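*Asks:* Got a file for you: protein_32.cif, mmCIF, C-alpha atoms.
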data_run
#
loop_
_atom_site.label_atom_id
_atom_site.label_comp_id
_atom_site.auth_asym_id
_atom_site.auth_seq_id
_atom_site.Cartn_x
_atom_site.Cartn_y
_atom_site.Cartn_z
CA MET A 1 1.79 -3.17 -12.76
CA ALA A 2 4.30 -4.54 -10.25
CA SER A 3 4.90 -8.26 -10.18
CA THR A 4 4.19 -10.29 -7.07
CA PHE A 5 7.93 -10.56 -6.50
CA ASP A 6 8.43 -6.79 -6.77
CA ALA A 7 5.48 -6.10 -4.50
CA ARG A 8 6.74 -8.51 -1.84
CA THR A 9 10.23 -7.02 -2.07
CA ALA A 10 8.83 -3.52 -1.59
CA ALA A 11 6.79 -4.74 1.37
CA GLN A 12 9.86 -6.23 3.07
CA THR A 13 11.81 -3.05 2.40
CA LEU A 14 9.05 -1.18 4.18
CA ALA A 15 8.87 -3.65 7.06
CA PHE A 16 12.56 -3.27 7.84
CA GLY A 17 12.75 0.40 6.86
CA PRO A 18 13.58 1.68 10.36
CA MET A 19 16.47 -0.80 10.64
CA ALA A 20 17.83 0.15 7.23
CA PHE A 21 17.59 3.83 8.10
CA GLN A 22 19.64 3.43 11.26
CA ALA A 23 22.24 1.28 9.52
CA ALA A 24 22.64 3.94 6.83
CA ARG A 25 22.95 6.67 9.44
CA VAL A 26 25.66 4.81 11.37
CA LEU A 27 27.57 4.04 8.17
CA ARG A 28 27.51 7.75 7.43
CA ASP A 29 28.30 9.05 10.92
CA ALA A 30 30.99 6.44 11.68
CA GLY A 31 32.88 7.49 8.58
CA VAL A 32 32.51 4.23 6.66
CA LEU A 33 30.86 5.86 3.65
CA ALA A 34 33.50 8.59 3.59
CA PHE A 35 36.20 5.91 3.73
CA ALA A 36 34.55 4.09 0.83
CA ARG A 37 34.60 7.28 -1.21
CA GLU A 38 38.29 7.81 -0.44
CA ARG A 39 39.12 4.31 -1.66
CA GLY A 40 37.30 4.88 -4.93
CA ASP A 41 37.44 2.10 -7.51
CA HIS A 42 40.10 0.24 -5.53
CA GLY A 43 37.57 -0.45 -2.79
CA PHE A 44 38.30 -1.94 0.61
CA ASP A 45 37.83 -5.10 2.61
CA ARG A 46 36.35 -5.50 6.08
CA ALA A 47 39.70 -5.47 7.88
CA GLU A 48 40.59 -2.15 6.29
CA ALA A 49 37.23 -0.71 7.32
CA VAL A 50 37.80 -1.86 10.91
CA GLU A 51 41.14 -0.08 10.98
CA ALA A 52 39.77 3.11 9.42
CA SER A 53 36.59 3.40 11.50
CA GLY A 54 37.69 2.20 14.92
CA LEU A 55 34.64 -0.06 15.09
CA SER A 56 34.89 -3.75 15.88
CA ASP A 57 35.02 -6.51 13.31
CA TYR A 58 31.55 -7.56 14.45
CA ALA A 59 30.19 -4.04 13.99
CA LEU A 60 31.60 -3.81 10.48
CA ALA A 61 30.24 -7.25 9.59
CA VAL A 62 26.75 -6.07 10.54
CA LEU A 63 27.05 -2.67 8.89
CA LEU A 64 28.64 -3.82 5.64
CA ASP A 65 26.04 -6.54 5.12
CA SER A 66 23.28 -4.02 5.81
CA GLY A 67 24.84 -1.33 3.65
CA THR A 68 25.20 -3.73 0.75
CA SER A 69 21.63 -4.98 1.12
CA VAL A 70 20.13 -1.49 0.95
CA GLY A 71 22.34 -0.37 -1.94
CA LEU A 72 24.75 1.99 -0.19
CA LEU A 73 27.71 -0.23 -1.03
CA SER A 74 28.53 -2.79 -3.70
CA LEU A 75 30.45 -6.01 -3.00
CA SER A 76 32.60 -7.63 -5.67
CA GLU A 77 33.52 -11.30 -5.92
CA ASP A 78 36.97 -10.60 -4.48
CA GLY A 79 35.38 -9.40 -1.23
CA ARG A 80 35.98 -5.67 -1.75
CA TYR A 81 33.37 -3.03 -1.06
CA ARG A 82 32.84 0.14 -3.06
CA LEU A 83 30.59 3.15 -2.62
CA ALA A 84 27.37 2.87 -4.66
CA PRO A 85 25.43 5.87 -6.02
CA VAL A 86 22.86 5.76 -3.21
CA GLY A 87 25.69 5.73 -0.68
CA LEU A 88 27.18 8.81 -2.31
CA PHE A 89 23.88 10.65 -1.89
CA VAL A 90 23.64 9.65 1.77
CA LEU A 91 27.19 10.89 2.25
CA LYS A 92 27.24 14.12 0.23
CA ASP A 93 23.72 15.28 -0.68
CA GLU A 94 22.66 18.15 1.58
CA MET A 95 18.93 17.45 1.35
CA THR A 96 19.47 13.82 2.31
CA ARG A 97 21.66 14.81 5.25
CA VAL A 98 19.17 17.37 6.52
CA ASN A 99 16.25 14.96 6.19
CA MET A 100 18.10 12.08 7.88
CA ASP A 101 19.23 14.25 10.80
CA PHE A 102 15.68 15.55 11.23
CA VAL A 103 14.13 12.08 11.14
CA HIS A 104 16.70 10.63 13.54
CA ASP A 105 16.98 13.43 16.10
CA VAL A 106 13.46 14.88 16.00
CA CYS A 107 11.08 12.19 14.76
CA PHE A 108 12.41 8.67 15.22
CA LEU A 109 11.60 7.91 18.86
CA GLY A 110 8.29 9.75 18.79
CA ALA A 111 7.10 8.01 15.62
CA HIS A 112 6.30 4.97 17.77
CA SER A 113 3.35 7.01 19.09
CA LEU A 114 1.81 7.77 15.69
CA GLU A 115 -1.34 5.72 16.27
CA THR A 116 -1.92 7.32 19.66
CA SER A 117 -1.39 10.75 18.14
CA LEU A 118 -3.90 10.11 15.36
CA ARG A 119 -6.53 8.63 17.64
CA GLU A 120 -6.24 11.33 20.29
CA GLY A 121 -5.45 14.34 18.10
CA ARG A 122 -2.33 15.34 20.03
CA PRO A 123 1.45 15.06 19.47
CA ALA A 124 1.97 12.04 21.70
CA GLY A 125 5.47 11.50 20.33
CA LEU A 126 6.59 14.87 21.71
CA GLU A 127 6.53 13.29 25.17
CA VAL A 128 9.92 11.67 24.48
CA PHE A 129 11.34 15.17 25.02
CA GLY A 130 9.01 16.49 27.72
CA ARG A 131 5.53 17.79 28.43
CA TRP A 132 4.42 20.47 26.00
CA GLY A 133 1.32 21.02 23.93
CA THR A 134 3.24 21.67 20.70
CA VAL A 135 6.85 21.49 19.56
CA TYR A 136 6.87 25.27 19.06
CA GLN A 137 6.40 25.81 22.78
CA ALA A 138 9.28 23.38 23.36
CA LEU A 139 11.85 24.69 20.86
CA ALA A 140 13.79 26.86 23.28
CA GLU A 141 14.15 23.94 25.71
CA LEU A 142 14.82 20.97 23.44
CA PRO A 143 18.24 19.27 23.65
CA PRO A 144 20.83 21.15 21.54
CA HIS A 145 21.24 18.38 18.94
CA VAL A 146 17.47 18.16 18.50
CA ARG A 147 17.17 21.92 18.09
CA LYS A 148 20.02 21.89 15.58
CA SER A 149 18.34 19.24 13.43
CA TRP A 150 14.92 20.88 13.72
CA PHE A 151 16.20 24.28 12.62
CA GLY A 152 18.45 22.69 10.00
CA PHE A 153 15.38 21.08 8.42
CA ASP A 154 13.29 24.24 8.61
CA HIS A 155 16.03 26.52 7.32
CA TYR A 156 17.13 24.26 4.48
CA TYR A 157 13.75 24.46 2.79
CA SER A 158 12.93 28.09 3.55
CA ASP A 159 16.40 29.44 2.73
CA ALA A 160 16.23 27.92 -0.74
CA ALA A 161 13.17 30.02 -1.58
CA PHE A 162 14.01 33.31 0.13
CA PRO A 163 16.32 34.74 -2.57
CA GLU A 164 13.61 34.24 -5.21
CA VAL A 165 10.69 35.62 -3.23
CA LEU A 166 12.42 38.59 -1.58
CA PRO A 167 12.32 40.83 -4.71
CA ILE A 168 8.67 39.91 -5.24
CA VAL A 169 7.74 41.04 -1.74
CA LEU A 170 9.89 44.17 -1.80
CA GLU A 171 8.57 45.31 -5.19
CA ARG A 172 5.58 46.63 -3.23
CA ARG A 173 8.04 48.89 -1.36
CA PRO A 174 6.60 48.17 2.09
CA ARG A 175 7.48 50.47 4.95
CA ARG A 176 6.33 48.05 7.63
CA LEU A 177 6.35 44.24 7.35
CA LEU A 178 4.75 41.83 9.82
CA ASP A 179 6.58 38.49 10.01
CA CYS A 180 4.18 35.95 11.52
CA GLY A 181 6.01 33.03 13.09
CA GLY A 182 9.38 34.63 12.35
CA ASN A 183 11.32 32.07 14.37
CA THR A 184 15.03 32.96 14.52
CA GLY A 185 14.64 36.01 12.28
CA ARG A 186 16.22 34.69 9.09
CA TRP A 187 13.55 36.23 6.84
CA ALA A 188 13.54 39.46 8.86
CA ARG A 189 17.32 39.67 8.44
CA ARG A 190 17.06 39.39 4.66
CA VAL A 191 14.37 42.07 4.51
CA LEU A 192 16.19 44.50 6.81
CA GLN A 193 19.48 44.07 4.97
CA ALA A 194 17.87 44.43 1.53
CA ASP A 195 15.85 47.59 2.26
CA PRO A 196 17.22 50.22 4.68
CA ASP A 197 13.84 51.95 4.92
CA VAL A 198 11.66 49.03 6.00
CA ARG A 199 10.74 48.18 9.59
CA VAL A 200 9.93 44.58 10.57
CA THR A 201 7.78 43.23 13.38
CA ILE A 202 8.20 39.56 14.31
CA LEU A 203 5.36 37.68 16.00
CA ASP A 204 6.23 34.42 17.75
CA HIS A 205 6.65 32.65 21.08
CA PRO A 206 8.89 34.47 23.60
CA GLY A 207 11.70 31.91 23.30
CA GLN A 208 11.95 32.33 19.54
CA LEU A 209 11.77 36.12 19.84
CA ALA A 210 14.70 36.14 22.27
CA ASN A 211 16.68 34.08 19.79
CA ALA A 212 15.75 36.39 16.92
CA ARG A 213 16.75 39.50 18.85
CA GLU A 214 20.09 37.94 19.72
CA GLN A 215 20.77 36.97 16.10
CA LEU A 216 19.71 40.31 14.62
CA GLY A 217 21.37 42.27 17.40
CA GLU A 218 24.72 40.82 16.37
CA LEU A 219 24.11 42.32 12.92
CA GLY A 220 23.14 45.75 14.25
CA LEU A 221 19.55 45.53 13.00
CA LEU A 222 17.59 46.03 16.22
CA ASP A 223 16.85 49.70 15.49
CA ARG A 224 14.34 48.65 12.81
CA LEU A 225 13.03 45.52 14.53
CA ASP A 226 10.04 45.05 16.81
CA THR A 227 9.14 41.77 18.48
CA VAL A 228 5.70 40.95 19.83
CA PRO A 229 4.98 37.72 21.75
CA ILE A 230 1.81 35.94 20.72
CA ASP A 231 0.01 32.65 21.07
CA PHE A 232 -1.40 32.11 17.59
CA LEU A 233 -3.69 29.40 18.97
CA ASP A 234 -5.53 32.00 21.05
CA PRO A 235 -8.40 33.09 18.78
CA THR A 236 -8.76 36.34 20.74
CA ALA A 237 -5.13 37.39 20.19
CA PRO A 238 -5.17 40.12 17.52
CA LEU A 239 -2.44 40.68 14.97
CA PRO A 240 -1.04 44.23 15.12
CA GLY A 241 -2.17 46.55 12.36
CA GLY A 242 -0.40 49.22 10.36
CA HIS A 243 1.68 46.94 8.14
CA ASP A 244 1.89 47.13 4.33
CA VAL A 245 2.90 43.49 4.02
CA LEU A 246 2.18 40.45 6.17
CA TRP A 247 4.44 37.42 5.76
CA MET A 248 3.88 33.74 6.60
CA SER A 249 6.61 31.31 5.53
CA GLN A 250 6.24 27.58 6.20
CA PHE A 251 3.90 28.70 8.95
CA LEU A 252 0.31 27.79 8.20
CA ASP A 253 1.14 24.10 7.81
CA CYS A 254 1.77 24.18 11.57
CA PHE A 255 -1.98 24.50 12.25
CA SER A 256 -5.25 22.70 11.64
CA GLU A 257 -7.60 24.10 8.99
CA ASP A 258 -9.86 25.75 11.57
CA GLU A 259 -6.81 27.29 13.25
CA ILE A 260 -5.59 28.53 9.85
CA VAL A 261 -8.94 30.21 9.25
CA SER A 262 -8.72 31.87 12.66
CA ILE A 263 -5.21 33.18 11.96
CA LEU A 264 -6.10 34.36 8.47
CA THR A 265 -9.25 36.07 9.75
CA ARG A 266 -7.19 37.99 12.30
CA ALA A 267 -4.67 38.80 9.57
CA ARG A 268 -7.47 40.18 7.40
CA ASP A 269 -8.71 42.30 10.30
CA ALA A 270 -5.20 43.76 10.65
CA MET A 271 -4.84 44.55 6.93
CA GLU A 272 -5.52 47.90 5.29
CA GLU A 273 -7.35 47.79 1.96
CA ASP A 274 -4.17 47.80 -0.14
CA ALA A 275 -2.07 45.56 2.14
CA ARG A 276 -1.01 42.09 1.03
CA LEU A 277 -0.44 38.84 2.88
CA PHE A 278 2.24 36.63 1.31
CA VAL A 279 2.08 32.92 2.12
CA LEU A 280 5.05 30.71 1.22
CA GLU A 281 4.38 26.97 1.48
CA THR A 282 5.22 23.61 -0.07
CA TYR A 283 2.00 21.94 -1.25
CA TRP A 284 1.73 18.22 -1.85
CA ASP A 285 -0.23 18.64 -5.08
CA ARG A 286 2.13 21.22 -6.60
CA GLN A 287 5.23 19.02 -6.63
CA LYS A 288 6.66 18.05 -10.02
CA GLN A 289 8.72 15.12 -8.71
CA PRO A 290 7.28 12.04 -6.94
CA THR A 291 10.18 12.17 -4.47
CA ALA A 292 9.17 15.67 -3.37
CA ALA A 293 5.57 14.59 -2.84
CA TYR A 294 6.83 11.59 -0.84
CA VAL A 295 8.94 13.82 1.43
CA LEU A 296 5.96 16.09 2.10
CA ALA A 297 3.65 13.16 2.84
CA MET A 298 6.15 11.78 5.36
CA THR A 299 6.58 15.25 6.88
CA SER A 300 2.87 15.12 7.73
CA ILE A 301 3.71 12.18 10.02
CA TYR A 302 6.05 14.53 11.91
CA PHE A 303 3.25 17.06 12.32
CA ALA A 304 0.94 14.36 13.65
CA THR A 305 3.36 12.80 16.14
CA ILE A 306 5.71 15.59 17.19
CA ALA A 307 4.60 19.06 16.13
CA ASN A 308 0.98 19.47 17.15
CA GLY A 309 -1.18 16.44 16.37
CA ASN A 310 -3.57 18.21 14.02
CA SER A 311 -1.80 19.69 11.00
CA ARG A 312 -0.12 18.38 7.86
CA MET A 313 1.43 19.37 4.55
CA TYR A 314 -1.61 20.73 2.75
CA HIS A 315 -2.82 20.86 -0.83
CA ALA A 316 -2.97 24.29 -2.47
CA SER A 317 -6.75 23.98 -2.66
CA ASP A 318 -6.87 23.61 1.13
CA LEU A 319 -5.18 26.97 1.61
CA ARG A 320 -7.42 28.63 -0.97
CA ARG A 321 -10.49 27.31 0.85
CA CYS A 322 -9.20 28.58 4.20
CA ALA A 323 -8.45 31.99 2.69
CA GLU A 324 -11.96 32.29 1.30
CA ARG A 325 -13.46 31.37 4.67
CA ALA A 326 -11.35 34.14 6.23
CA GLY A 327 -12.50 36.80 3.76
CA LEU A 328 -9.35 36.82 1.64
CA ARG A 329 -8.71 36.20 -2.05
CA VAL A 330 -5.63 34.97 -3.92
CA ASP A 331 -4.55 37.68 -6.36
CA ARG A 332 -1.21 36.18 -7.40
CA GLU A 333 0.33 32.73 -7.30
CA LEU A 334 3.80 31.48 -8.27
CA ASP A 335 4.90 27.82 -8.28
CA GLY A 336 8.32 26.22 -8.59
CA LEU A 337 10.20 28.46 -6.16
CA GLY A 338 12.96 27.19 -3.91
CA VAL A 339 12.54 23.49 -3.16
CA GLY A 340 9.01 23.06 -4.50
CA HIS A 341 7.53 26.17 -2.88
CA THR A 342 4.46 28.14 -3.93
CA LEU A 343 4.04 31.84 -3.12
CA MET A 344 0.49 33.12 -2.78
CA SER A 345 -0.40 36.79 -2.47
CA LEU A 346 -3.64 37.33 -0.56
CA ALA A 347 -5.76 40.49 -0.50
CA ARG A 348 -8.94 41.42 1.31
CA ALA A 349 -11.92 39.99 -0.56
#
Since I need it in another form, could you write the structure as structure tokens?
*Replies:*
Amino acid sequence: MASTFDARTAAQTLAFGPMAFQAARVLRDAGVLAFARERGDHGFDRAEAVEASGLSDYALAVLLDSGTSVGLLSLSEDGRYRLAPVGLFVLKDEMTRVNMDFVHDVCFLGAHSLETSLREGRPAGLEVFGRWGTVYQALAELPPHVRKSWFGFDHYYSDAAFPEVLPIVLERRPRRLLDCGGNTGRWARRVLQADPDVRVTILDHPGQLANAREQLGELGLLDRLDTVPIDFLDPTAPLPGGHDVLWMSQFLDCFSEDEIVSILTRARDAMEEDARLFVLETYWDRQKQPTAAYVLAMTSIYFATIANGNSRMYHASDLRRCAERAGLRVDRELDGLGVGHTLMSLARA
């Protein structure tokens, strides 16, 4: 049990968390952490940091105090700063970089509207970028740096799992694969390049489909690619049939439970008796590390404020319940893929 002192310290860390986050980001982006790494055990003083960064003495006074307080830097009695282990992770760890860029560029300003989003069931924070119902409708029009951070976040987690799950999907030797919410076509590219006999259909918003066609066209893969625009939120919009495998990667967490049931029901209607629907997701309750569960819980805040206002990072039992409501059954399940992913294979019940 935490002491009163520890509890109060944690509470203050939380209270000033947004300030600490921005200080860490500026220390990273202004090159101060990289400079600290270059200096190694020798360290540096404030004047040297001013010269190296191009920032003012005042700016470095603020940043170095902040960086030391949050554990990015250490300060010795002789007034020299050195890079601490946490600072090294902020500087060099890819997951930390991806998450920080996503939080800063995509989530930070909109997070102020969390309470409004939760009370009204809509992504009120998305309004900092414009007027759309969901972030998916907005992706093609978001500022370039926001798009870059959004896709960087999405691709980092999905790309880590794709090499492991691709052989599992292709062992069924599908001739036609339906990629639901295929985005920029990264999964479709892997499938088309791995199997010269398979044909892929991507379902998504028109803006994402145009992007996917451009990306796959550069690789000469359009002859085996079909793209079909769809609004998955329209319960009357059918999914095209005739596919051996249906694929949903980091997709269903973009919808409420009732919307998931609607999508899965339409998927079931499009499936032949021996077809399979593969669902790749990161579930809060399947994480082995507390840090991973923490990241997923905070990602739900993004869904509430920016993405759509009604979805979250689900538990595996939530998806199973939705599948049963849609007339599907889980016939295979694999945990520990990628960065905490679970792959479920669904068949008609």
*Asks:* How many Å lie between atom CA of A:Leu277 and atom CA of A:Ser317, rounded to one decimal?
*Replies:* 17.1 Å
*Asks:* Just the residues within 9 Å of stretch 36-44 of chain A, please, counting all atoms listed in the file, with nothing from its chain fewer than 3 positions along; format it as an MDAnalysis selection string.
*Replies:* chainID A and resid 31:33 47:49 73 79:83 88 91
*Asks:* What would the selection look like, as a ChimeraX atom specification, if the PyMOL selection byres ((chain A and resi 147) around 12) were run on the coordinates I just shared?
*Replies:* /A:101-102,105-107,129,135-136,138-146,148-155,184,208
*Asks:* So what does the PyMOL selection byres ((chain A and resi 68) around 12) actually pick up in this one, as an NGL selection string?
*Replies:* :A and (20 or 23-24 or 27 or 33 or 60-67 or 69-76 or 79-87)
*Asks:* Give as an NGL selection string each residue that has an atom at most 12 Å from (10.4, 30.9, -2.3) in the file, counting only C-alpha atoms.
*Replies:* :A and (155-169 or 187 or 247-250 or 278-282 or 333-344)
*Asks:* Enter the distance from atom CA of A:Phe251 to atom CA of A:Gly182, in Å, rounded to one decimal.
*Replies:*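 It comes out at 8.8 Å.
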*Asks:* One decimal, Å: what's the distance from atom CA of A:Ala307 over to atom CA of A:Ala15, could you say?
*Replies:* 24.8 Å
*Asks:* With only C-alpha atoms as the basis for distance, which of A:Trp132, A:Pro18, A:Glu77, A:Arg28 is at the shortest distance from A:Ile306?
*Replies:*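 Of A:Trp132, A:Pro18, A:Glu77, A:Arg28, the one nearest A:Ile306 is A:Trp132, counting only C-alpha atoms.
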*Asks:* Can you tell me which residues surround A:Ser117 at a distance of at most 12 Å, considering only C-alpha atoms, apart from same-chain residues fewer than 2 positions away, and format the answer as a PDB file with C-alpha atoms, keeping the file's coordinate frame?
*Replies:*
ATOM      1  CA  GLY A 110       8.290   9.750  18.790  1.00  0.00           C
ATOM      2  CA  ALA A 111       7.100   8.010  15.620  1.00  0.00           C
ATOM      3  CA  HIS A 112       6.300   4.970  17.770  1.00  0.00           C
ATOM      4  CA  SER A 113       3.350   7.010  19.090  1.00  0.00           C
ATOM      5  CA  LEU A 114       1.810   7.770  15.690  1.00  0.00           C
ATOM      6  CA  GLU A 115      -1.340   5.720  16.270  1.00  0.00           C
ATOM      7  CA  ARG A 119      -6.530   8.630  17.640  1.00  0.00           C
ATOM      8  CA  GLU A 120      -6.240  11.330  20.290  1.00  0.00           C
ATOM      9  CA  GLY A 121      -5.450  14.340  18.100  1.00  0.00           C
ATOM     10  CA  ARG A 122      -2.330  15.340  20.030  1.00  0.00           C
ATOM     11  CA  PRO A 123       1.450  15.060  19.470  1.00  0.00           C
ATOM     12  CA  ALA A 124       1.970  12.040  21.700  1.00  0.00           C
ATOM     13  CA  GLY A 125       5.470  11.500  20.330  1.00  0.00           C
ATOM     14  CA  LEU A 126       6.590  14.870  21.710  1.00  0.00           C
ATOM     15  CA  GLU A 127       6.530  13.290  25.170  1.00  0.00           C
ATOM     16  CA  ILE A 301       3.710  12.180  10.020  1.00  0.00           C
ATOM     17  CA  TYR A 302       6.050  14.530  11.910  1.00  0.00           C
ATOM     18  CA  PHE A 303       3.250  17.060  12.320  1.00  0.00           C
ATOM     19  CA  ALA A 304       0.940  14.360  13.650  1.00  0.00           C
ATOM     20  CA  THR A 305       3.360  12.800  16.140  1.00  0.00           C
ATOM     21  CA  ILE A 306       5.710  15.590  17.190  1.00  0.00           C
ATOM     22  CA  ALA A 307       4.600  19.060  16.130  1.00  0.00           C
ATOM     23  CA  ASN A 308       0.980  19.470  17.150  1.00  0.00           C
ATOM     24  CA  GLY A 309      -1.180  16.440  16.370  1.00  0.00           C
ATOM     25  CA  ASN A 310      -3.570  18.210  14.020  1.00  0.00           C
ATOM     26  CA  SER A 311      -1.800  19.690  11.000  1.00  0.00           C
TER      27      SER A 311
END
